[in-house]
Structure formats: structure tokens, C-alpha cells
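Notes to accompany the following structure.
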Protein chains: 2
Amino acid sequence: MDVAALATGVAAGDRRALARAITLVESGRADHRAQALDLLGRLGAGSEGGRQALRLGLSGTPGVGKSTFIESFGLMLTGQGKRVAVLAVDPSSARSGGSILGDKTRMERLSRDPHAFIRPSPSQAQMGGVARRTREAVALCEAAGFDLVLIETVGVGQSETVVAELCDLFLLLLAPAGGDELQGVKRGIMEMADLILINKADGDLKPAALRTMADYAGALRLLRRRPQDPEGFPKAICVSALETLGLAPAWDEMQALARWRQENGHWTARRAAQARHWFEEEVRQGLLAALTRDPVRTRIEELGQAVAQGQLTPEAAAAQLLSLLP
Amino acid sequence: MDVAALATGVAAGDRRALARAITLVESGRADHRAQALDLLGRLGAGSEGGRQALRLGLSGTPGVGKSTFIESFGLMLTGQGKRVAVLAVDPSSARSGGSILGDKTRMERLSRDPHAFIRPSPSQAQMGGVARRTREAVALCEAAGFDLVLIETVGVGQSETVVAELCDLFLLLLAPAGGDELQGVKRGIMEMADLILINKADGDLKPAALRTMADYAGALRLLRRRPQDPEGFPKAICVSALETLGLAPAWDEMQALARWRQENGHWTARRAAQARHWFEEEVRQGLLAALTRDPVRTRIEELGQAVAQGQLTPEAAAAQLLSLLP
């Protein structure tokens with residue numbers, strides 16, 4: 001593969017080159033990995049000097065209208081001349097073999113828009129791997145000059161944490177619901193959200209959407225104010241992706257929040273903390289990977305056998321193994 | 001400390017010696033740790049040759065009546081001449097400083113019973129540490145000749161997983177509820193349960209308890225049959241800890257299940273798999289602990305700084321650090 005040519009293509013904003021580059025960083029092959037690092041290095045991707053986009057995380061359980069929201073919101077932004085990339089983080093795809101963005105027809109108009117780029121979630125990966133690959137895919141989208149990178153995930157806990165560590169702003173998309181369904185959103189996920197969007201605020205559901213908005217606004221007021229939030233944030237607002245209502249005000253809120261954080265040093269601080277987090281996570285993963293390689297793996301197998309047969313306690317066996325490591 | 005005398009006391013079933021021994025294994029001090037390992041070695045605690053108890057895990061969210069259940073169930077067993085130990089695993093106590101069994105008055109009669117031993121959860125610990133200490137506390141209770149060790153936890157996910165890896169049978173205690181509250185129990189926790197007990201099947205709540213039992217029995221039938229279960233298990237049954245109804249039948253079910261698993265090799269296989277699991281977990285924890293010691297810790301700090309400032313990517317910094325380790 002001609003990595004130099006690929007880098008030129010990505011830097012020129014060529015979407016096919018970008019797609020090939022993401023495939024490269026997603027590959028598990030050692031030679032591909034070396035090429036991927038070469039590519040990222042050439043593009044200065046992910047480093048401070050490189051191009052940067054607004055990184056938006058978006059979470060919501062199935063059925064809240066994530067695809068419709070992304071399509072409407074994305075088209076509004078491309079209509080303003082912005083270039084929009086959409087990536088998916090889907091831990092469940094590891095099992096199902098499926099992909100939350102696998103069917104691009106879910107966002108038919110946006111996927112045909114020359115200012116947009118939609119990338120389904122890789123089909124098989126563990127969470128650690130997903131994080132690294134998504135991080136590198138974000139960096140590639142930025143190097144390709146996209147103004148906004150939207151990272152979509154489903155509401156299952158662990159993937160939200162990953163996305164929150166990858167994005168500048170975290171959006172939580174909810175459907176209108178009765179007051180007691182407030183419980184359905186985990187407190188931890190609410191605490192990550194910078195903006196809660198109640199979707200489907202149209203037709204018959206509008207009153208329920210307004211009630212849900214009020215419920216969440218109330219709940220958000222009960223949470224401790226975070227240093228990275230100006231007065232009034234995090235906020236809950238209503239949108240209708242179907243009728244494209246409320247999307248412009250939602251975008252205004254995101255920009256206002258982004259601007260405040262940039263002016264008050266929180267923007268840079270968050271990215272720095274994220275970079276540090278991913279470094280430490282890479283170290284942990286790398287260290288644990290050593291356990292899966294010989295000779296350590298064989299010794300673990302032998303000691304595990306002795307433990308299972310009751311010849312050694314777990315602690316004594318672990319101490320024996322760890323004494324082999326410096 | 002006279003470890004030999006302590007070992008003699010524990011082996012004689014002395015409850016004060018047992019309490020001191022558990023305090024010793026809970027200590028974070030290096031000299032205490034050495035004494036704890038000496039003690040466990042002298043007692044043969046946790047090894048195949050040692051005394052063994054039936055290890056019962058019990059989970060349930062606050063309000064389902066766990067204390068009342070443990071008191072009634074425990075008193076029934078001590079009344080039959082059995083010796084019963086109760087331990088708690090409470091991950092939240094790390095933050096609150098509290099303890100789910102901290103107030104022994106919650107089980108006033110059982111705590112005064114000479115055949116019972118109740119141990120609150122250690123007040124400050126991370127999950128990894130909790131697992132090891134609880135495992136060692138279980139081993140000490142067995143060495144002290146207890147017939148049954150009940151390990152209690154609250155329903156918050158991670159602690160259930162720990163308890164499930166420590167026990168022979170996992171009980172899930174639930175309160176009567178409407179049909180749609182079935183959703184409240186995480187699927188993962190249902191899949192761990194060997195027996196679901198619907199508590200408070202008394203007075204006004206009895207019809208609701210019966211309905212809940214039917215709902216869960218139906219849900220359990222939808223789950224894939226596990227090799228470690230005989231026909232009809234896992235099972236959902238009603239109890240009233242308050243009126244001590246259904247406790248004897250519940251105990252019969254537990255014994256029937258235990259016997260079947262013993263006769264079919266699943267009992268030994270489970271304990272062997274658990275021992276292997278804890279060995280591997282100890283290795284992982286031990287390996288990660290190396291990151292918190294110098295010189296590695298200092299180097300992580302320096303590289304983390306460089307990453308935060310954008311001078312290195314997380315991947316490049318991690319590769320640098322890992323190259324220092326063999």
C-alpha cells in the first residue's frame with residue numbers, strides 16, 4: 001500500500017481515501033498496524049498541531065430516533081457548508097456481527113451528501129480495541145478537514161464512557177416518556193451529558209416531550225454543578241428530527257457551550273485529560289496483553305491447573321507468577 | 001501477633017478469634033499481609049484438604065428485606081444445629097464509609113445466636129481488594145467449622161459478579177412488584193441466579209408476590225438451560241421472612257440443587273473454575289499494581305504530561321513505556 005498517496009488523499013479531503021484509511025487503522029494485522037501508524041504520523045493526526053473538528057458524542061437507546069436525528073442535524077449543518085463525519089461505537093456488534101450504522105439507508109440523504117461521511121462501526125472488536133480505532137478514525141476525519149465528527153453509540157453504559165472520553169460535547173437523545181421512566185436513564189450517563197435532547201417533540205407526542213423535558217431539566221438541577229459548565233448547563237431541550245424543529249436552537253446551545261469552554265480553558269483541559277486517559281489505557285491494555293503471550297501464557301495455564309486442583313491457593317499461584325515478572 | 005494461637009482459636013471455632021483473623025486478612029499493612037498468609041497456610045484455608053462449607057450468595061436491592069430474610073433463614077438453620085456465618089460485600093461502602101451490615105441490630109437475634117457469626121463489610125476498599133478479602137474471610141469461616149457461609153451483597157452489578165464467583169449457589173431476593181418491573185432486574189443478574197426468592201409473600205402483598213413469582217418463573221423458562229442445572233432450575237419461589245413461611249421449602253430446594261450438582265460433577269468444576277478465575281484476577285491486579293510503583297510510575301507521569309501537551313500521541317507514549325517493560 002502506498003501510504004504517502006493515501007495520506008495525500010486524506011489530507012485533500014477525499015472520502016474514498018478516508019474510508020480506506022479508516023479500514024487500515026481498523027485492521028488487526030501487524031503490517032497494517034505499522035502502516036496505520038505511519039499514516040497517522042504523516043497526517044499529524046491527533047497531535048496538537050493538526051486540524052481539529054468539533055467532536056460530538058451522541059447516545060440514545062434504540063427507538064429514540066438517533067438515525068433520523070443524525071440525518072436531519074447533519075443535513076442542516078452540511079446545508080450551512082460544514083463538512084460532517086459520522087462514526088459509530090457499537091460494543092454489541094462484537095456478538096451480533098451487525099452494526100448500528102451498517103445500513104446506510106437509515107440515513108439515506110445524508111449518506112449521499114458530498115459534504116458528509118458516514119462510517120459504520122467495525123464489525124468485530126472488544127471495547128478496548130473499539131476505543132483505539134474510533135480515536136484514530138476521529139483523528140483521520142479531522143485530518144481530512146471535517147468540521148464536525150459525530151460519534152454515535154447505543155445506551156449500554158460502557159460504550160458511553162468510551163465515547164465521553166472521545167468527544168468535546170456529549171449529547172443524550174431521549175424519547176418522550178412518562179415521568180417515572182426517568183429512572184431508565186442511568187445516573188452515570190446523565191452525569192456525562194452536556195445537553196439532553198428530547199426527540200419526537202411533534203404531533204401527539206409533543207405534550208409528553210415537553211413534560212419529559214421539564215422532568216429532566218428538574219433532575220439536572222439536582223445534580224452538582226460541574227466546573228466545565230456555564231450557568232444553565234447541562235440543559236434539556238426539545239427537538240423534532242422528523243419535522244426538523246429545534247435543531248437550529250440545539251446547535252446554538254452546543255456552540256454557546258463550546259465557545260464558553262474554549263474561552264475558559266476547559267476545552268483544552270478536557271482534550272489533554274482525554275489524551276492522558278487514553279495513554280494510560282493503552283499502557284494497561286499493553287501490559288495485560290503480555291499475559292496472553294508465551295512463556296507467560298503457558299505458565300499461567302500450568303499454575304491455573306494447579307489452582308483448579310486445589311494444590312495452590314489463587315494468591316500463592318499469583319505470587320509465583322508475578323515473581324517471574326520484574 | 002501470635003499467629004499460631006490465632007490459628008488454634010479459629011480452628012476451634014472461637015468466634016472472637018475468627019473476627020480477629022478476618023480483621024487481619026482485611027488489613028492493608030505489609031506485615032499484616034505476611035501474617036495473614038501465614039495464618040491461612042496454617043489453617044489450610046481455601047485449599048482442597050480443608051473444611052468446606054456451603055457458600056450461599058445472596059443479592060437483592062435495598063428494601064427487599066435482605067436482613068429480615070438472613071435473620072429468619074439463619075435462625076432456622078442454627079435451630080437445626082447448623083453453624084452459620086454471614087459476610088457482606090458492599091462496593092458502595094468505599095464511598096459512603098458505611099456498611100450494609102454495619103448495624104448488627106438489623107439482625108438482632110441472629111447476631112446473639114452462639115451458632116452464628118455476622119461480619120460487616122470492610123469500610124474502605126476497591127472491588128479487587130474486596131474480592132480477595134471476602135474470599136479469604138470465607139476460607140477462614142470454613143476453617144472455623146461453619147456449615148454455611150452466606151455472602152450478602154446489594155444489587156449493583158459489579159458486586160454480584162464478585163459474589164457469584166465466590167459462592168456455590170446464588171440466590172436473588174426480590175420484593176413483590178407489578179409485572180412491568182421485571183425489567184428492573186438486569187438480565188445478567190437473572191442469569192447468575194440459581195434460585196429467585198420473592199420475599200414478603202404475606203398479608204396484602206401475597207397476591208402480588210404470587211404474580212411476581214409467576215412472572216419470573218416465566219422469564220426463567222425463556223433463558224437458555226445451563227448445564228449446571230437439573231430440570232426445573234433455576235426456580236422462582238415465594239417466601240415470607242417476616243412470617244418465616246416458605247423458608248424450609250427454599251432450603252430444601254437449595255439442598256436438592258447442591259446435591260444434584262455434587263453428584264454430577266458440577267460442584268467441584270465450579271469451585272475449580274472459580275479458583276482459576278481468582279488466580280488470573282490476582283495476576284491482573286498484581287501486574288497493574290506495578291504501574292503504581294517507581295520507576296514506572298514516574299515515567300508514566302512524564303509521558304502522560306507529554307501526551308496531555310500534544311507532544312506525543314497516546315499510542316506512541318504507550319509504546320515507549322511498554323518497551324521499558326520486558
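Ligands are numbered from 1 in the order shown, chains are lettered A, B, ... in the order of the C-alpha cells, and residues start at 1 in each chain.
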
Please, can I see chain B fitted onto chain A by all in-order Cα atoms (least squares), as a compact mmCIF listing (two decimals) with C-alpha atoms, in the first residue's frame?
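Wrote selection_14.txt, looks like this:
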```
# COMPACT_ATOMS: atom_id res chain seq x y z
CA MET B 1 -0.01 -0.04 0.08
CA ASP B 2 1.16 3.46 -0.83
CA VAL B 3 0.84 5.18 2.52
CA ALA B 4 2.15 8.51 1.19
CA ALA B 5 -0.54 8.61 -1.50
CA LEU B 6 -3.19 7.64 1.01
CA ALA B 7 -2.06 10.45 3.32
CA THR B 8 -2.27 12.92 0.44
CA GLY B 9 -5.78 11.70 -0.39
CA VAL B 10 -6.97 12.00 3.19
CA ALA B 11 -5.44 15.45 3.60
CA ALA B 12 -7.22 16.53 0.40
CA GLY B 13 -10.50 15.49 1.99
CA ASP B 14 -11.10 12.61 -0.43
CA ARG B 15 -13.80 10.43 1.16
CA ARG B 16 -12.68 7.22 -0.50
CA ALA B 17 -9.15 7.72 0.78
CA LEU B 18 -10.58 8.42 4.23
CA ALA B 19 -12.63 5.22 4.12
CA ARG B 20 -9.53 3.22 3.14
CA ALA B 21 -7.51 4.91 5.88
CA ILE B 22 -10.09 3.99 8.53
CA THR B 23 -10.12 0.41 7.27
CA LEU B 24 -6.36 0.42 7.72
CA VAL B 25 -6.47 1.61 11.35
CA GLU B 26 -9.21 -0.94 12.05
CA SER B 27 -7.12 -3.84 10.81
CA GLY B 28 -5.66 -6.24 13.33
CA ARG B 29 -2.74 -7.29 11.10
CA ALA B 30 0.72 -6.31 12.35
CA ASP B 31 1.88 -4.95 8.95
CA HIS B 32 -1.32 -2.92 8.65
CA ARG B 33 -0.73 -1.58 12.14
CA ALA B 34 2.72 -0.32 11.17
CA GLN B 35 1.28 1.33 8.05
CA ALA B 36 -1.53 2.86 10.13
CA LEU B 37 0.96 4.42 12.54
CA ASP B 38 2.98 5.70 9.57
CA LEU B 39 -0.17 7.21 8.07
CA LEU B 40 -1.26 8.87 11.32
CA GLY B 41 2.25 10.25 11.74
CA ARG B 42 2.33 11.72 8.21
CA LEU B 43 -1.02 13.40 8.75
CA GLY B 44 -0.05 14.71 12.18
CA ALA B 45 -3.40 13.19 13.09
CA GLY B 46 -4.36 13.52 16.71
CA SER B 47 -1.44 15.79 17.57
CA GLU B 48 -1.81 19.35 18.72
CA GLY B 49 -0.65 20.93 15.50
CA GLY B 50 -3.13 19.05 13.32
CA ARG B 51 -6.56 20.10 12.11
CA GLN B 52 -9.28 19.81 14.69
CA ALA B 53 -13.02 19.28 14.48
CA LEU B 54 -15.82 19.67 16.98
CA ARG B 55 -16.23 16.17 18.37
CA LEU B 56 -19.82 15.45 19.31
CA GLY B 57 -20.78 12.31 21.22
CA LEU B 58 -24.37 11.13 20.79
CA SER B 59 -26.00 8.44 22.88
CA GLY B 60 -29.53 7.11 22.96
CA THR B 61 -31.25 3.76 23.33
CA PRO B 62 -32.73 2.10 20.23
CA GLY B 63 -35.99 3.70 19.18
CA VAL B 64 -35.31 7.28 20.26
CA GLY B 65 -34.68 8.27 16.66
CA LYS B 66 -30.89 8.56 16.55
CA SER B 67 -30.65 7.94 12.79
CA THR B 68 -33.38 10.43 11.99
CA PHE B 69 -31.73 12.96 14.27
CA ILE B 70 -28.29 12.46 12.73
CA GLU B 71 -29.77 12.74 9.23
CA SER B 72 -31.71 15.96 9.95
CA PHE B 73 -29.00 17.54 12.06
CA GLY B 74 -26.26 16.53 9.64
CA LEU B 75 -28.14 17.87 6.62
CA MET B 76 -28.75 21.16 8.40
CA LEU B 77 -25.01 21.54 8.99
CA THR B 78 -23.92 20.45 5.51
CA GLY B 79 -26.51 22.95 4.23
CA GLN B 80 -24.47 25.59 6.07
CA GLY B 81 -21.38 24.44 4.22
CA LYS B 82 -19.97 22.37 7.08
CA ARG B 83 -18.39 18.98 6.50
CA VAL B 84 -19.83 16.31 8.79
CA ALA B 85 -18.42 12.87 9.62
CA VAL B 86 -20.44 10.23 11.51
CA LEU B 87 -18.76 7.32 13.29
CA ALA B 88 -20.36 4.59 15.36
CA VAL B 89 -19.19 2.87 18.53
CA ASP B 90 -21.14 -0.30 19.03
CA PRO B 91 -19.88 -2.79 21.59
CA SER B 92 -22.72 -5.19 20.86
CA SER B 93 -21.66 -5.65 17.27
CA ALA B 94 -18.90 -7.89 18.60
CA ARG B 95 -21.54 -10.51 19.31
CA SER B 96 -24.25 -9.89 16.76
CA GLY B 97 -21.85 -9.32 13.90
CA GLY B 98 -24.14 -6.44 13.00
CA SER B 99 -23.50 -2.74 13.16
CA ILE B 100 -25.62 0.13 14.34
CA LEU B 101 -24.82 2.13 11.25
CA GLY B 102 -24.41 -0.88 9.02
CA ASP B 103 -27.44 -0.03 6.98
CA LYS B 104 -26.64 3.31 5.45
CA THR B 105 -30.17 3.54 4.12
CA ARG B 106 -31.06 4.55 7.65
CA MET B 107 -29.53 7.91 6.73
CA GLU B 108 -30.16 7.84 3.04
CA ARG B 109 -29.98 11.52 2.23
CA LEU B 110 -27.03 12.30 4.46
CA SER B 111 -25.04 9.37 3.09
CA ARG B 112 -25.43 10.77 -0.42
CA ASP B 113 -24.41 14.27 0.67
CA PRO B 114 -20.90 15.10 -0.67
CA HIS B 115 -20.18 17.07 2.51
CA ALA B 116 -20.92 14.10 4.71
CA PHE B 117 -19.05 10.91 5.54
CA ILE B 118 -20.74 8.02 7.34
CA ARG B 119 -18.75 5.15 8.74
CA PRO B 120 -20.37 2.07 10.29
CA SER B 121 -18.93 0.54 13.42
CA PRO B 122 -16.28 -2.15 12.87
CA SER B 123 -17.99 -5.50 12.96
CA GLN B 124 -15.85 -7.34 15.47
CA ALA B 125 -13.96 -5.85 18.34
CA GLN B 126 -13.57 -5.67 22.05
CA MET B 127 -14.19 -2.43 23.86
CA GLY B 128 -10.50 -1.61 24.28
CA GLY B 129 -9.88 -2.06 20.58
CA VAL B 130 -13.00 -0.12 19.66
CA ALA B 131 -11.78 2.86 21.65
CA ARG B 132 -8.41 2.98 19.95
CA ARG B 133 -9.82 2.53 16.48
CA THR B 134 -12.54 5.10 16.98
CA ARG B 135 -9.98 7.53 18.38
CA GLU B 136 -7.82 7.05 15.31
CA ALA B 137 -10.83 7.30 12.99
CA VAL B 138 -11.74 10.63 14.62
CA ALA B 139 -8.17 11.83 14.07
CA LEU B 140 -8.35 10.78 10.40
CA CYS B 141 -11.66 12.62 9.91
CA GLU B 142 -10.06 15.73 11.40
CA ALA B 143 -7.04 15.36 9.14
CA ALA B 144 -9.47 15.11 6.21
CA GLY B 145 -10.79 18.52 7.15
CA PHE B 146 -14.18 17.63 8.59
CA ASP B 147 -15.62 20.37 10.78
CA LEU B 148 -17.71 18.11 12.92
CA VAL B 149 -17.25 14.49 13.91
CA LEU B 150 -20.33 12.88 15.39
CA ILE B 151 -19.66 9.72 17.38
CA GLU B 152 -22.81 7.69 17.85
CA THR B 153 -23.39 4.97 20.42
CA VAL B 154 -26.23 2.97 21.95
CA GLY B 155 -27.13 3.39 25.58
CA VAL B 156 -25.46 0.46 27.26
CA GLY B 157 -23.12 2.03 29.76
CA GLN B 158 -19.59 1.03 28.86
CA SER B 159 -19.71 2.44 25.34
CA GLU B 160 -20.94 5.81 26.68
CA THR B 161 -17.88 6.04 28.86
CA VAL B 162 -15.68 5.41 25.84
CA VAL B 163 -17.50 8.02 23.76
CA ALA B 164 -17.44 10.57 26.57
CA GLU B 165 -13.65 10.21 26.64
CA LEU B 166 -13.51 10.85 22.88
CA CYS B 167 -15.75 13.86 22.45
CA ASP B 168 -15.86 17.55 23.28
CA LEU B 169 -19.61 17.61 23.88
CA PHE B 170 -21.78 14.69 24.89
CA LEU B 171 -25.41 14.68 23.75
CA LEU B 172 -28.05 12.37 25.16
CA LEU B 173 -31.05 11.76 22.91
CA LEU B 174 -34.27 10.67 24.62
CA ALA B 175 -37.81 9.89 23.55
CA PRO B 176 -40.85 11.45 25.25
CA ALA B 177 -41.94 9.33 28.20
CA GLY B 178 -43.92 9.24 31.40
CA GLY B 179 -42.38 10.87 34.44
CA ASP B 180 -41.40 7.64 36.16
CA GLU B 181 -39.36 6.50 33.19
CA LEU B 182 -36.76 9.01 34.27
CA GLN B 183 -35.29 6.08 36.13
CA GLY B 184 -34.51 4.39 32.84
CA VAL B 185 -31.50 6.60 32.24
CA LYS B 186 -28.60 5.64 34.40
CA ARG B 187 -27.43 8.39 36.68
CA GLY B 188 -23.88 7.96 35.41
CA ILE B 189 -24.98 8.64 31.84
CA MET B 190 -26.98 11.70 32.86
CA GLU B 191 -23.90 13.01 34.60
CA MET B 192 -21.92 12.70 31.37
CA ALA B 193 -24.45 14.61 29.27
CA ASP B 194 -23.78 18.22 28.28
CA LEU B 195 -27.11 18.52 26.52
CA ILE B 196 -30.19 16.33 26.74
CA LEU B 197 -32.34 16.36 23.61
CA ILE B 198 -35.90 15.12 23.88
CA ASN B 199 -36.70 13.96 20.36
CA LYS B 200 -40.09 13.40 18.71
CA ALA B 201 -41.49 16.68 20.05
CA ASP B 202 -44.08 16.63 17.29
CA GLY B 203 -47.72 15.64 16.76
CA ASP B 204 -49.34 13.62 19.52
CA LEU B 205 -46.09 13.23 21.41
CA LYS B 206 -45.42 16.94 21.83
CA PRO B 207 -47.10 17.31 25.26
CA ALA B 208 -45.24 14.22 26.54
CA ALA B 209 -41.98 15.60 25.15
CA LEU B 210 -42.49 18.89 26.97
CA ARG B 211 -43.24 17.05 30.21
CA THR B 212 -40.17 14.86 29.76
CA MET B 213 -38.07 17.93 29.10
CA ALA B 214 -39.34 19.52 32.32
CA ASP B 215 -38.65 16.32 34.25
CA TYR B 216 -35.09 16.13 33.03
CA ALA B 217 -34.49 19.83 33.46
CA GLY B 218 -35.59 19.33 37.08
CA ALA B 219 -33.37 16.30 37.50
CA LEU B 220 -30.38 18.12 36.03
CA ARG B 221 -30.83 20.93 38.52
CA LEU B 222 -30.45 18.35 41.29
CA LEU B 223 -27.05 17.30 40.02
CA ARG B 224 -23.98 19.04 41.28
CA ARG B 225 -22.81 21.86 39.00
CA ARG B 226 -19.66 20.86 37.13
CA PRO B 227 -16.80 23.31 36.75
CA GLN B 228 -16.86 22.85 32.96
CA ASP B 229 -20.43 24.16 32.70
CA PRO B 230 -21.58 27.77 32.46
CA GLU B 231 -24.80 28.85 34.18
CA GLY B 232 -27.76 26.84 32.88
CA PHE B 233 -25.82 23.82 31.63
CA PRO B 234 -26.30 20.89 31.29
CA LYS B 235 -29.63 21.64 29.65
CA ALA B 236 -32.64 19.64 28.44
CA ILE B 237 -34.36 20.82 25.27
CA CYS B 238 -36.96 19.51 22.82
CA VAL B 239 -36.32 18.71 19.17
CA SER B 240 -38.18 17.05 16.35
CA ALA B 241 -35.78 15.39 13.98
CA LEU B 242 -38.74 14.34 11.83
CA GLU B 243 -40.05 17.88 11.38
CA THR B 244 -36.55 19.39 11.72
CA LEU B 245 -37.76 21.57 14.57
CA GLY B 246 -35.48 22.79 17.32
CA LEU B 247 -32.33 21.63 15.56
CA ALA B 248 -30.99 25.14 14.96
CA PRO B 249 -31.57 26.17 18.60
CA ALA B 250 -29.90 22.93 19.72
CA TRP B 251 -26.90 23.74 17.51
CA ASP B 252 -26.82 27.25 19.00
CA GLU B 253 -26.69 25.76 22.50
CA MET B 254 -23.83 23.47 21.48
CA GLN B 255 -21.89 26.35 20.01
CA ALA B 256 -22.51 28.56 23.03
CA LEU B 257 -21.27 25.83 25.34
CA ALA B 258 -18.27 25.09 23.14
CA ARG B 259 -17.34 28.77 23.00
CA TRP B 260 -17.63 29.20 26.78
CA ARG B 261 -15.44 26.18 27.40
CA GLN B 262 -12.86 27.36 24.88
CA GLU B 263 -12.72 30.80 26.45
CA ASN B 264 -12.46 29.41 29.96
CA GLY B 265 -9.74 26.85 29.35
CA HIS B 266 -11.98 23.83 29.82
CA TRP B 267 -11.80 22.80 26.18
CA THR B 268 -8.04 22.30 26.10
CA ALA B 269 -8.05 20.84 29.59
CA ARG B 270 -10.62 18.21 28.58
CA ARG B 271 -8.69 17.18 25.49
CA ALA B 272 -5.48 16.99 27.51
CA ALA B 273 -7.15 14.87 30.18
CA GLN B 274 -8.61 12.61 27.49
CA ALA B 275 -5.22 12.15 25.84
CA ARG B 276 -3.72 11.24 29.19
CA HIS B 277 -6.58 8.82 29.86
CA TRP B 278 -6.04 7.05 26.54
CA PHE B 279 -2.32 6.84 27.12
CA GLU B 280 -2.85 5.15 30.48
CA GLU B 281 -5.50 2.87 28.99
CA GLU B 282 -3.12 1.86 26.19
CA VAL B 283 -0.48 1.05 28.79
CA ARG B 284 -2.93 -1.09 30.78
CA GLN B 285 -4.08 -2.93 27.65
CA GLY B 286 -0.52 -3.43 26.50
CA LEU B 287 0.51 -4.78 29.87
CA LEU B 288 -2.39 -7.22 30.05
CA ALA B 289 -1.66 -8.32 26.49
CA ALA B 290 1.68 -9.62 27.78
CA LEU B 291 -0.29 -12.25 29.69
CA THR B 292 -1.56 -13.71 26.43
CA ARG B 293 1.93 -14.29 25.02
CA ASP B 294 4.39 -17.07 25.76
CA PRO B 295 6.20 -17.92 27.98
CA VAL B 296 3.84 -16.19 30.42
CA ARG B 297 0.73 -17.67 28.84
CA THR B 298 1.95 -21.24 29.24
CA ARG B 299 2.97 -20.64 32.84
CA ILE B 300 -0.48 -19.16 33.57
CA GLU B 301 -2.05 -22.25 32.07
CA GLU B 302 0.07 -24.55 34.27
CA LEU B 303 -0.48 -22.58 37.46
CA GLY B 304 -4.19 -22.26 36.66
CA GLN B 305 -4.38 -26.03 36.42
CA ALA B 306 -2.70 -26.42 39.81
CA VAL B 307 -5.10 -23.89 41.33
CA ALA B 308 -8.14 -25.60 39.81
CA GLN B 309 -6.97 -28.89 41.31
CA GLY B 310 -6.58 -27.32 44.74
CA GLN B 311 -2.79 -27.76 44.88
CA LEU B 312 -2.20 -24.01 45.18
CA THR B 313 -4.34 -21.14 46.39
CA PRO B 314 -5.11 -18.40 43.84
CA GLU B 315 -2.99 -15.96 45.86
CA ALA B 316 0.05 -18.25 46.09
CA ALA B 317 -0.10 -19.05 42.38
CA ALA B 318 -0.42 -15.39 41.47
CA ALA B 319 2.56 -14.55 43.67
CA GLN B 320 4.60 -17.24 41.90
CA LEU B 321 3.71 -15.89 38.48
CA LEU B 322 4.27 -12.26 39.38
CA SER B 323 7.71 -13.10 40.80
CA LEU B 324 8.70 -14.10 37.25
CA LEU B 325 7.91 -10.60 36.06
CA PRO B 326 10.16 -7.75 37.06
```

Q: Just list the residues in stretch 101-312 of chain A DSSP gives helix (DSSP H, G or I) on the backbone, as number ranges by chain.
A: A: 104-112, 127-143, 158-164, 179-184, 187-192, 203-222, 247-263, 266-292, 296-308

Q.
What parts of stretch 30-245 of chain A does DSSP call strand (DSSP E)? I'd like the answer as a count of residues only.
A. 36
